[in-house]
Structure formats: structure tokens, C-alpha cells
>>> print(open('model-v5.pdb').read())   # PDB, C-alpha atoms
MODEL        1
ATOM      1  CA  MET A   1       4.900-218.692 161.452
ATOM      2  CA  GLU A   2       1.582-217.583 162.746
ATOM      3  CA  PHE A   3       0.806-214.138 161.484
ATOM      4  CA  LYS A   4      -1.280-211.912 163.669
ATOM      5  CA  GLU A   5      -4.261-210.026 162.419
ATOM      6  CA  ILE A   6      -3.664-206.306 162.098
ATOM      7  CA  ASP A   7      -6.223-205.595 164.845
ATOM      8  CA  GLU A   8      -4.515-208.145 167.113
ATOM      9  CA  ILE A   9      -1.412-205.980 167.246
ATOM     10  CA  ASN A  10      -3.438-202.805 167.677
ATOM     11  CA  HIS A  11      -2.849-201.350 164.245
ATOM     12  CA  LYS A  12      -6.001-200.033 162.741
ATOM     13  CA  ASN A  13      -4.532-198.399 159.663
ATOM     14  CA  PRO A  14      -1.399-198.330 157.492
ATOM     15  CA  ASP A  15      -0.191-195.159 159.201
ATOM     16  CA  ASP A  16       0.464-197.207 162.351
ATOM     17  CA  PHE A  17       3.040-199.288 160.496
ATOM     18  CA  LEU A  18       4.570-196.171 158.967
ATOM     19  CA  ASN A  19       4.867-194.642 162.457
ATOM     20  CA  ILE A  20       6.561-197.795 163.765
ATOM     21  CA  LEU A  21       8.912-197.769 160.780
ATOM     22  CA  GLU A  22       9.698-194.093 161.337
ATOM     23  CA  GLY A  23      10.466-194.823 165.005
ATOM     24  CA  TYR A  24      12.819-197.591 163.876
ATOM     25  CA  LYS A  25      14.613-195.253 161.485
ATOM     26  CA  GLN A  26      15.014-192.626 164.218
ATOM     27  CA  ARG A  27      16.392-195.160 166.724
ATOM     28  CA  LEU A  28      18.688-196.529 164.034
ATOM     29  CA  GLU A  29      20.062-193.074 163.259
ATOM     30  CA  LYS A  30      20.510-192.304 166.969
ATOM     31  CA  ASN A  31      22.510-195.534 167.479
ATOM     32  CA  ARG A  32      24.300-195.483 164.133
ATOM     33  CA  ASN A  33      27.808-195.289 165.619
ATOM     34  CA  GLU A  34      27.237-198.021 168.203
ATOM     35  CA  ASN A  35      28.277-201.658 167.862
ATOM     36  CA  GLU A  36      25.964-204.306 166.379
ATOM     37  CA  PRO A  37      24.583-205.637 169.703
ATOM     38  CA  SER A  38      23.696-202.108 170.767
ATOM     39  CA  ILE A  39      21.911-201.358 167.494
ATOM     40  CA  VAL A  40      20.031-204.658 167.730
ATOM     41  CA  ALA A  41      18.954-203.852 171.306
ATOM     42  CA  ASN A  42      18.070-200.206 170.718
ATOM     43  CA  ALA A  43      16.596-200.236 167.207
ATOM     44  CA  MET A  44      15.812-203.701 165.847
ATOM     45  CA  LEU A  45      14.318-205.216 169.033
ATOM     46  CA  PRO A  46      11.884-202.313 169.663
ATOM     47  CA  PHE A  47      10.862-202.421 165.990
ATOM     48  CA  PHE A  48       9.829-206.091 166.119
ATOM     49  CA  LYS A  49       8.210-205.708 169.537
ATOM     50  CA  SER A  50       6.203-202.730 168.230
ATOM     51  CA  LEU A  51       4.921-204.998 165.486
ATOM     52  CA  GLY A  52       3.633-207.405 168.132
ATOM     53  CA  PHE A  53       6.324-210.089 167.959
ATOM     54  CA  ASP A  54       7.843-211.797 170.983
ATOM     55  CA  ALA A  55      11.479-210.954 170.291
ATOM     56  CA  ASN A  56      14.561-211.885 172.277
ATOM     57  CA  ILE A  57      18.139-210.615 171.890
ATOM     58  CA  GLY A  58      21.315-212.551 172.455
ATOM     59  CA  ARG A  59      19.719-215.996 172.649
ATOM     60  CA  LYS A  60      22.506-218.316 173.792
ATOM     61  CA  LEU A  61      23.311-221.468 171.890
ATOM     62  CA  LYS A  62      25.819-224.243 172.347
ATOM     63  CA  GLY A  63      29.407-222.961 172.520
ATOM     64  CA  ASN A  64      29.998-219.244 172.542
ATOM     65  CA  SER A  65      27.452-218.446 169.869
ATOM     66  CA  GLU A  66      24.215-216.551 170.236
ATOM     67  CA  ILE A  67      21.451-215.493 167.911
ATOM     68  CA  ASP A  68      21.430-211.702 167.518
ATOM     69  CA  LEU A  69      17.641-211.514 167.557
ATOM     70  CA  ALA A  70      15.137-214.346 167.776
ATOM     71  CA  ILE A  71      11.414-214.173 167.136
ATOM     72  CA  LEU A  72       9.714-216.639 169.468
ATOM     73  CA  ASN A  73       6.469-218.516 169.099
ATOM     74  CA  ILE A  74       3.821-218.990 171.781
ATOM     75  CA  ASP A  75       5.867-221.878 173.266
ATOM     76  CA  SER A  76       8.992-219.665 173.472
ATOM     77  CA  GLU A  77      10.732-221.632 170.738
ATOM     78  CA  VAL A  78      12.765-219.789 168.127
ATOM     79  CA  GLU A  79      10.639-219.315 165.037
ATOM     80  CA  SER A  80      12.808-216.796 163.202
ATOM     81  CA  ILE A  81      16.547-216.222 163.394
ATOM     82  CA  ILE A  82      17.755-212.700 162.669
ATOM     83  CA  GLU A  83      21.475-212.130 162.094
ATOM     84  CA  CYS A  84      22.657-208.533 161.929
ATOM     85  CA  LYS A  85      25.832-207.014 160.564
ATOM     86  CA  LYS A  86      26.710-203.355 160.300
ATOM     87  CA  TRP A  87      26.206-201.746 156.907
ATOM     88  CA  ASN A  88      29.209-201.915 154.591
ATOM     89  CA  SER A  89      30.612-204.854 156.562
ATOM     90  CA  THR A  90      32.507-207.451 154.543
ATOM     91  CA  GLU A  91      30.732-210.007 156.769
ATOM     92  CA  MET A  92      27.303-208.955 155.473
ATOM     93  CA  PHE A  93      25.322-211.055 153.015
ATOM     94  CA  SER A  94      24.424-209.632 149.620
ATOM     95  CA  VAL A  95      23.721-210.880 146.128
ATOM     96  CA  ASP A  96      27.410-210.306 145.374
ATOM     97  CA  ASN A  97      28.677-211.678 148.699
ATOM     98  CA  THR A  98      26.878-214.918 149.486
ATOM     99  CA  ASN A  99      29.836-216.790 150.982
ATOM    100  CA  CYS A 100      30.066-214.627 154.093
ATOM    101  CA  LYS A 101      30.144-214.781 157.870
ATOM    102  CA  ALA A 102      26.507-213.681 158.232
ATOM    103  CA  LEU A 103      25.234-216.635 156.211
ATOM    104  CA  HIS A 104      27.655-219.046 157.889
ATOM    105  CA  GLU A 105      26.420-217.954 161.313
ATOM    106  CA  CYS A 106      22.798-218.388 160.244
ATOM    107  CA  ILE A 107      23.535-221.908 159.045
ATOM    108  CA  LEU A 108      25.256-222.705 162.346
ATOM    109  CA  TYR A 109      22.363-221.282 164.408
ATOM    110  CA  TYR A 110      19.785-223.099 162.309
ATOM    111  CA  MET A 111      21.641-226.397 162.649
ATOM    112  CA  ARG A 112      22.037-225.958 166.410
ATOM    113  CA  GLU A 113      18.352-225.172 166.859
ATOM    114  CA  ARG A 114      17.381-228.212 164.796
ATOM    115  CA  GLN A 115      19.907-230.384 166.653
ATOM    116  CA  LYS A 116      18.144-229.602 169.916
ATOM    117  CA  GLY A 117      14.802-230.575 168.424
ATOM    118  CA  ASN A 118      13.335-227.245 167.354
ATOM    119  CA  PHE A 119      10.913-227.931 164.479
ATOM    120  CA  SER A 120       9.316-224.467 164.731
ATOM    121  CA  LEU A 121      11.881-222.582 162.652
ATOM    122  CA  ARG A 122      10.237-220.735 159.771
ATOM    123  CA  TYR A 123      12.465-217.886 158.643
ATOM    124  CA  ILE A 124      16.084-216.838 158.694
ATOM    125  CA  ILE A 125      16.714-213.136 158.193
ATOM    126  CA  ILE A 126      20.038-211.446 157.527
ATOM    127  CA  SER A 127      20.075-207.676 157.877
ATOM    128  CA  ASP A 128      22.437-204.727 157.860
ATOM    129  CA  PHE A 129      19.619-202.739 159.530
ATOM    130  CA  TYR A 130      18.671-201.212 156.166
ATOM    131  CA  ASN A 131      18.353-204.293 153.955
ATOM    132  CA  PHE A 132      16.612-207.490 154.950
ATOM    133  CA  TYR A 133      17.284-210.831 153.241
ATOM    134  CA  ILE A 134      14.556-213.289 154.222
ATOM    135  CA  PHE A 135      14.976-217.036 153.701
ATOM    136  CA  GLU A 136      12.434-219.741 154.335
ATOM    137  CA  SER A 137      13.764-222.383 156.700
ATOM    138  CA  SER A 138      13.184-225.035 154.034
ATOM    139  CA  GLU A 139      16.277-223.694 152.239
ATOM    140  CA  PHE A 140      18.380-224.369 155.343
ATOM    141  CA  GLU A 141      16.695-227.725 155.893
ATOM    142  CA  LYS A 142      18.218-228.861 152.604
ATOM    143  CA  LEU A 143      21.639-228.517 154.235
ATOM    144  CA  LYS A 144      20.535-230.471 157.271
ATOM    145  CA  ASN A 145      19.342-233.265 154.974
ATOM    146  CA  ASP A 146      22.595-233.306 153.003
ATOM    147  CA  LYS A 147      24.552-236.281 154.410
ATOM    148  CA  GLU A 148      28.001-234.826 153.679
ATOM    149  CA  PHE A 149      27.145-231.470 155.199
ATOM    150  CA  TYR A 150      25.512-233.028 158.247
ATOM    151  CA  LYS A 151      28.589-235.218 158.806
ATOM    152  CA  PHE A 152      30.756-232.100 158.622
ATOM    153  CA  PHE A 153      28.471-230.236 161.049
ATOM    154  CA  LYS A 154      28.407-233.133 163.487
ATOM    155  CA  ALA A 155      32.220-233.339 163.507
ATOM    156  CA  PHE A 156      32.375-229.585 164.083
ATOM    157  CA  SER A 157      29.807-229.804 166.910
ATOM    158  CA  GLU A 158      31.718-232.598 168.586
ATOM    159  CA  LYS A 159      34.851-230.460 168.380
ATOM    160  CA  LYS A 160      36.507-232.873 166.014
ATOM    161  CA  ASP A 161      38.522-231.380 163.216
ATOM    162  CA  PRO A 162      36.058-231.542 160.290
ATOM    163  CA  THR A 163      38.917-231.136 157.819
ATOM    164  CA  LYS A 164      40.163-234.565 158.856
ATOM    165  CA  THR A 165      36.933-236.201 157.747
ATOM    166  CA  PRO A 166      36.820-237.587 154.204
ATOM    167  CA  GLN A 167      34.852-234.565 153.042
ATOM    168  CA  THR A 168      36.375-231.162 153.834
ATOM    169  CA  SER A 169      34.685-227.799 154.026
ATOM    170  CA  ASN A 170      36.018-227.027 150.542
ATOM    171  CA  SER A 171      33.877-229.775 149.068
ATOM    172  CA  ILE A 172      30.636-228.549 150.637
ATOM    173  CA  LYS A 173      28.535-226.422 148.326
ATOM    174  CA  ILE A 174      26.257-223.855 149.922
TER     175      ILE A 174
ENDMDL
END
>>> encode(input="model-v5.pdb", output="C-alpha cells")
Amino acid sequence: MEFKEIDEINHKNPDDFLNILEGYKQRLEKNRNENEPSIVANAMLPFFKSLGFDANIGRKLKGNSEIDLAILNIDSEVESIIECKKWNSTEMFSVDNTNCKALHECILYYMRERQKGNFSLRYIIISDFYNFYIFESSEFEKLKNDKEFYKFFKAFSEKKDPTKTPQTSNSIKI
């Protein structure tokens, strides 16, 4: 990921970041009772845009899936995947809840981006709008390079029943 110089995003002192963060917290509180897509659109997206990132919500992927929030590079390729779940959701990732929908969706989105030839992926972020878990893409690349997992993913992508392949989802370790 190319990081921009502070001056490049028009922030001349640390107070600028604190003001952006405060704006995020206010928008988050204002939209607290809304659904996840609304909170992403009204709080998370403006936060990343204020920091100078080219951010995009609801980026469509193969099937019915879409990335909640994508940070794009200069070529409009996804460079960071951000998956959001509401706070206190059983679907949210945490140290105590690693085998969850949020992580599964991130793996799916990463694999789909890589399948279509995107080599620009750098980070995968899972957030409940208050906590941010940041993974380097190299951790997800390990799954892509795992032959059993990739075979499972390919069967899933081709709408074959992956449980009918020699290796089932129960045998895949994440």
C-alpha cells in the first residue's frame, strides 16, 4: 500500500487527525441504530475519505457478495478489504471468536479478488466500527497457496458441492 505523506492529504498537524477521528465518532453515534451498510456509508466511508483514501462501498464481486468498504489504489484496484459487523454481533471477529462470518467473508472476498487477477491486495480489515483487526494480505495468501483449501474454494466457486470433494470444510484449518 502506498502511504501518503501527511502534507499530501492536507494534514499539517496531529490535531487534524484528531478532528477527523472526532467527526467519525460523531457520525458513528448519529447512525448507531442503523444497519451495517448505512453505518459504513455514513461513518466509515467519510472517515477513510477524510484521510485521503480512495474508498468505495458495496464493491460487487462474483455471486451475490460485495465488499463492505474497499480502499482502491491509483489503478482503481482493491488494495484493502474492510468487512464491518455491528458491535456485539456473533458474526464479528475477535480474539475469542476467530471462526466467524466476518473472517469467512474476508477470505471469500480475498480469494475472489485474487481469482480475477488482483495482485494489489495489501490489507484485510475487520471492524465493528470501534475495533479494527488489521491483517496483512500475506496471511490470506497462505490459504490461496494451500492446495486443499484452493481445491475447496474452486469447487465452491464453480457451484459444486465442496463437501463431496475428498477434503471437506471440516478438514480445512484456518
>>> resolve_selection(input="model-v5.pdb", expression="the PyMOL selection byres ((chain A and resi 111-117) around 9)", output="list in words")
Leu61, Lys62, Val78, Cys106, Ile107, Leu108, Tyr109, Tyr110, Asn118, Phe119, Ser120, Leu121, Phe140, Glu141, Leu143, Lys144, Tyr150, Phe153 and Ser157 of chain A
>>> residues_around(input="model-v5.pdb", residues="Ser76 of chain A", least_positions_apart="5", cutoff="12 Å", atoms="only C-alpha atoms", output="PyMOL selection string")
chain A and resi 53-56+59+70-71+118+120-121
>>> atom_distance(input="model-v5.pdb", atom1="atom CA of Arg32 of chain A", atom2="atom CA of Ile67 of chain A")
20.6 Å
>>> axis_aligned_box(input="model-v5.pdb", around="segment 18-32 of chain A", padding_each_side="4 Å", output="AutoDock Vina command-line options")
--center_x 14.4 --center_y -195.0 --center_z 163.2 --size_x 27.7 --size_y 13.5 --size_z 16.5
>>> closest_residue(input="model-v5.pdb", among="A:Ser65, A:Asn42, A:Ser50, A:Asn73", to="Asn19 of chain A", atoms="all atoms listed in the file")
A:Ser50
>>> resolve_selection(input="model-v5.pdb", expression="the PyMOL selection byres ((chain A and resi 21) around 12)", output="count of residues only")
24
>>> closest_residue(input="model-v5.pdb", among="A:Lys86, A:Lys142, A:Glu77, A:Lys151", to="Ile39 of chain A", atoms="only C-alpha atoms")
A:Lys86
>>> atom_distance(input="model-v5.pdb", atom1="atom CA of Ser89 of chain A", atom2="atom CA of Asp128 of chain A")
8.3 Å
>>> residues_around(input="model-v5.pdb", residues="Cys84 of chain A", least_positions_apart="2", cutoff="12 Å", atoms="all atoms listed in the file", output="MDAnalysis selection string")
chainID A and resid 35:41 43:45 57:58 66:70 81:82 86:89 91:93 101:103 105:106 124:133
>>> closest_residue(input="model-v5.pdb", among="A:Val95, A:Phe152, A:Lys85, A:Leu72", to="Arg122 of chain A", atoms="all atoms listed in the file")
A:Leu72
>>> decode(input="model-v5.pdb", residues="segment 138-151 of chain A", atoms="all heavy atoms", output="mmCIF file, in the first residue's frame")
data_model
loop_
_atom_site.group_PDB
_atom_site.id
_atom_site.type_symbol
_atom_site.label_atom_id
_atom_site.label_comp_id
_atom_site.auth_asym_id
_atom_site.auth_seq_id
_atom_site.Cartn_x
_atom_site.Cartn_y
_atom_site.Cartn_z
ATOM 1 N N SER A 138 -0.596 -11.224 3.137
ATOM 2 C CA SER A 138 0.245 -12.423 3.085
ATOM 3 C C SER A 138 -0.338 -13.553 3.932
ATOM 4 O O SER A 138 -0.146 -14.736 3.628
ATOM 5 C CB SER A 138 1.675 -12.103 3.528
ATOM 6 O OG SER A 138 1.686 -11.587 4.843
ATOM 7 N N GLU A 139 -1.072 -13.210 4.992
ATOM 8 C CA GLU A 139 -1.718 -14.233 5.815
ATOM 9 C C GLU A 139 -2.816 -14.945 5.025
ATOM 10 O O GLU A 139 -3.002 -16.144 5.152
ATOM 11 C CB GLU A 139 -2.286 -13.623 7.098
ATOM 12 C CG GLU A 139 -1.234 -13.079 8.033
ATOM 13 C CD GLU A 139 -0.213 -14.139 8.449
ATOM 14 O OE1 GLU A 139 -0.620 -15.263 8.801
ATOM 15 O OE2 GLU A 139 0.994 -13.843 8.426
ATOM 16 N N PHE A 140 -3.532 -14.208 4.197
ATOM 17 C CA PHE A 140 -4.600 -14.786 3.385
ATOM 18 C C PHE A 140 -4.013 -15.515 2.171
ATOM 19 O O PHE A 140 -4.600 -16.473 1.687
ATOM 20 C CB PHE A 140 -5.581 -13.703 2.945
ATOM 21 C CG PHE A 140 -6.486 -13.239 4.051
ATOM 22 C CD1 PHE A 140 -5.993 -12.540 5.141
ATOM 23 C CD2 PHE A 140 -7.847 -13.513 4.001
ATOM 24 C CE1 PHE A 140 -6.829 -12.121 6.166
ATOM 25 C CE2 PHE A 140 -8.690 -13.099 5.027
ATOM 26 C CZ PHE A 140 -8.165 -12.404 6.114
ATOM 27 N N GLU A 141 -2.872 -15.050 1.721
ATOM 28 C CA GLU A 141 -2.209 -15.697 0.581
ATOM 29 C C GLU A 141 -1.808 -17.130 0.940
ATOM 30 O O GLU A 141 -1.788 -18.003 0.068
ATOM 31 C CB GLU A 141 -0.995 -14.879 0.141
ATOM 32 C CG GLU A 141 -0.384 -15.312 -1.158
ATOM 33 C CD GLU A 141 -1.253 -15.058 -2.391
ATOM 34 O OE1 GLU A 141 -2.238 -14.297 -2.306
ATOM 35 O OE2 GLU A 141 -0.941 -15.637 -3.440
ATOM 36 N N LYS A 142 -1.525 -17.375 2.195
ATOM 37 C CA LYS A 142 -1.192 -18.728 2.634
ATOM 38 C C LYS A 142 -2.347 -19.681 2.340
ATOM 39 O O LYS A 142 -2.124 -20.830 1.966
ATOM 40 C CB LYS A 142 -0.855 -18.742 4.124
ATOM 41 C CG LYS A 142 0.440 -18.047 4.459
ATOM 42 C CD LYS A 142 0.646 -17.971 5.966
ATOM 43 C CE LYS A 142 1.844 -17.123 6.309
ATOM 44 N NZ LYS A 142 1.992 -16.928 7.762
ATOM 45 N N LEU A 143 -3.572 -19.209 2.515
ATOM 46 C CA LEU A 143 -4.736 -20.040 2.187
ATOM 47 C C LEU A 143 -4.816 -20.299 0.697
ATOM 48 O O LEU A 143 -5.103 -21.410 0.266
ATOM 49 C CB LEU A 143 -6.027 -19.364 2.658
ATOM 50 C CG LEU A 143 -6.300 -19.422 4.144
ATOM 51 C CD1 LEU A 143 -7.509 -18.557 4.487
ATOM 52 C CD2 LEU A 143 -6.510 -20.844 4.601
ATOM 53 N N LYS A 144 -4.579 -19.249 -0.087
ATOM 54 C CA LYS A 144 -4.642 -19.411 -1.536
ATOM 55 C C LYS A 144 -3.607 -20.439 -1.996
ATOM 56 O O LYS A 144 -3.856 -21.203 -2.922
ATOM 57 C CB LYS A 144 -4.412 -18.088 -2.259
ATOM 58 C CG LYS A 144 -4.563 -18.226 -3.764
ATOM 59 C CD LYS A 144 -4.215 -16.944 -4.468
ATOM 60 C CE LYS A 144 -4.283 -17.123 -5.959
ATOM 61 N NZ LYS A 144 -3.431 -18.179 -6.495
ATOM 62 N N ASN A 145 -2.470 -20.478 -1.352
ATOM 63 C CA ASN A 145 -1.400 -21.400 -1.736
ATOM 64 C C ASN A 145 -1.564 -22.803 -1.157
ATOM 65 O O ASN A 145 -0.822 -23.706 -1.526
ATOM 66 C CB ASN A 145 -0.046 -20.824 -1.328
ATOM 67 C CG ASN A 145 0.285 -19.571 -2.120
ATOM 68 O OD1 ASN A 145 -0.176 -19.388 -3.239
ATOM 69 N ND2 ASN A 145 1.057 -18.689 -1.520
ATOM 70 N N ASP A 146 -2.539 -22.975 -0.273
ATOM 71 C CA ASP A 146 -2.813 -24.291 0.290
ATOM 72 C C ASP A 146 -3.649 -25.088 -0.714
ATOM 73 O O ASP A 146 -4.766 -24.707 -1.044
ATOM 74 C CB ASP A 146 -3.576 -24.136 1.614
ATOM 75 C CG ASP A 146 -3.869 -25.464 2.256
ATOM 76 O OD1 ASP A 146 -4.802 -26.159 1.795
ATOM 77 O OD2 ASP A 146 -3.168 -25.808 3.229
ATOM 78 N N LYS A 147 -3.100 -26.192 -1.230
ATOM 79 C CA LYS A 147 -3.752 -26.940 -2.311
ATOM 80 C C LYS A 147 -5.134 -27.456 -1.908
ATOM 81 O O LYS A 147 -6.075 -27.385 -2.700
ATOM 82 C CB LYS A 147 -2.870 -28.094 -2.776
ATOM 83 C CG LYS A 147 -1.654 -27.607 -3.529
ATOM 84 C CD LYS A 147 -0.765 -28.749 -3.961
ATOM 85 C CE LYS A 147 0.465 -28.164 -4.661
ATOM 86 N NZ LYS A 147 1.380 -29.183 -5.096
ATOM 87 N N GLU A 148 -5.278 -27.960 -0.701
ATOM 88 C CA GLU A 148 -6.575 -28.480 -0.259
ATOM 89 C C GLU A 148 -7.602 -27.361 -0.165
ATOM 90 O O GLU A 148 -8.741 -27.509 -0.593
ATOM 91 C CB GLU A 148 -6.437 -29.180 1.089
ATOM 92 C CG GLU A 148 -5.718 -30.505 0.997
ATOM 93 C CD GLU A 148 -5.609 -31.163 2.354
ATOM 94 O OE1 GLU A 148 -6.547 -31.044 3.171
ATOM 95 O OE2 GLU A 148 -4.580 -31.809 2.595
ATOM 96 N N PHE A 149 -7.187 -26.237 0.411
ATOM 97 C CA PHE A 149 -8.119 -25.120 0.537
ATOM 98 C C PHE A 149 -8.505 -24.581 -0.837
ATOM 99 O O PHE A 149 -9.670 -24.296 -1.096
ATOM 100 C CB PHE A 149 -7.528 -23.987 1.393
ATOM 101 C CG PHE A 149 -8.486 -22.834 1.519
ATOM 102 C CD1 PHE A 149 -9.511 -22.889 2.443
ATOM 103 C CD2 PHE A 149 -8.379 -21.724 0.696
ATOM 104 C CE1 PHE A 149 -10.416 -21.855 2.545
ATOM 105 C CE2 PHE A 149 -9.279 -20.685 0.788
ATOM 106 C CZ PHE A 149 -10.305 -20.747 1.721
ATOM 107 N N TYR A 150 -7.508 -24.430 -1.710
ATOM 108 C CA TYR A 150 -7.800 -23.888 -3.035
ATOM 109 C C TYR A 150 -8.738 -24.812 -3.808
ATOM 110 O O TYR A 150 -9.637 -24.337 -4.507
ATOM 111 C CB TYR A 150 -6.518 -23.634 -3.833
ATOM 112 C CG TYR A 150 -6.789 -22.843 -5.087
ATOM 113 C CD1 TYR A 150 -7.064 -21.489 -5.007
ATOM 114 C CD2 TYR A 150 -6.820 -23.452 -6.327
ATOM 115 C CE1 TYR A 150 -7.361 -20.750 -6.149
ATOM 116 C CE2 TYR A 150 -7.115 -22.720 -7.475
ATOM 117 C CZ TYR A 150 -7.385 -21.371 -7.380
ATOM 118 O OH TYR A 150 -7.689 -20.646 -8.501
ATOM 119 N N LYS A 151 -8.581 -26.112 -3.652
ATOM 120 C CA LYS A 151 -9.475 -27.073 -4.309
ATOM 121 C C LYS A 151 -10.898 -26.901 -3.780
ATOM 122 O O LYS A 151 -11.868 -26.916 -4.542
ATOM 123 C CB LYS A 151 -8.965 -28.501 -4.053
ATOM 124 C CG LYS A 151 -9.710 -29.577 -4.788
ATOM 125 C CD LYS A 151 -9.045 -30.915 -4.540
ATOM 126 C CE LYS A 151 -9.733 -32.028 -5.290
ATOM 127 N NZ LYS A 151 -9.082 -33.323 -5.065
#
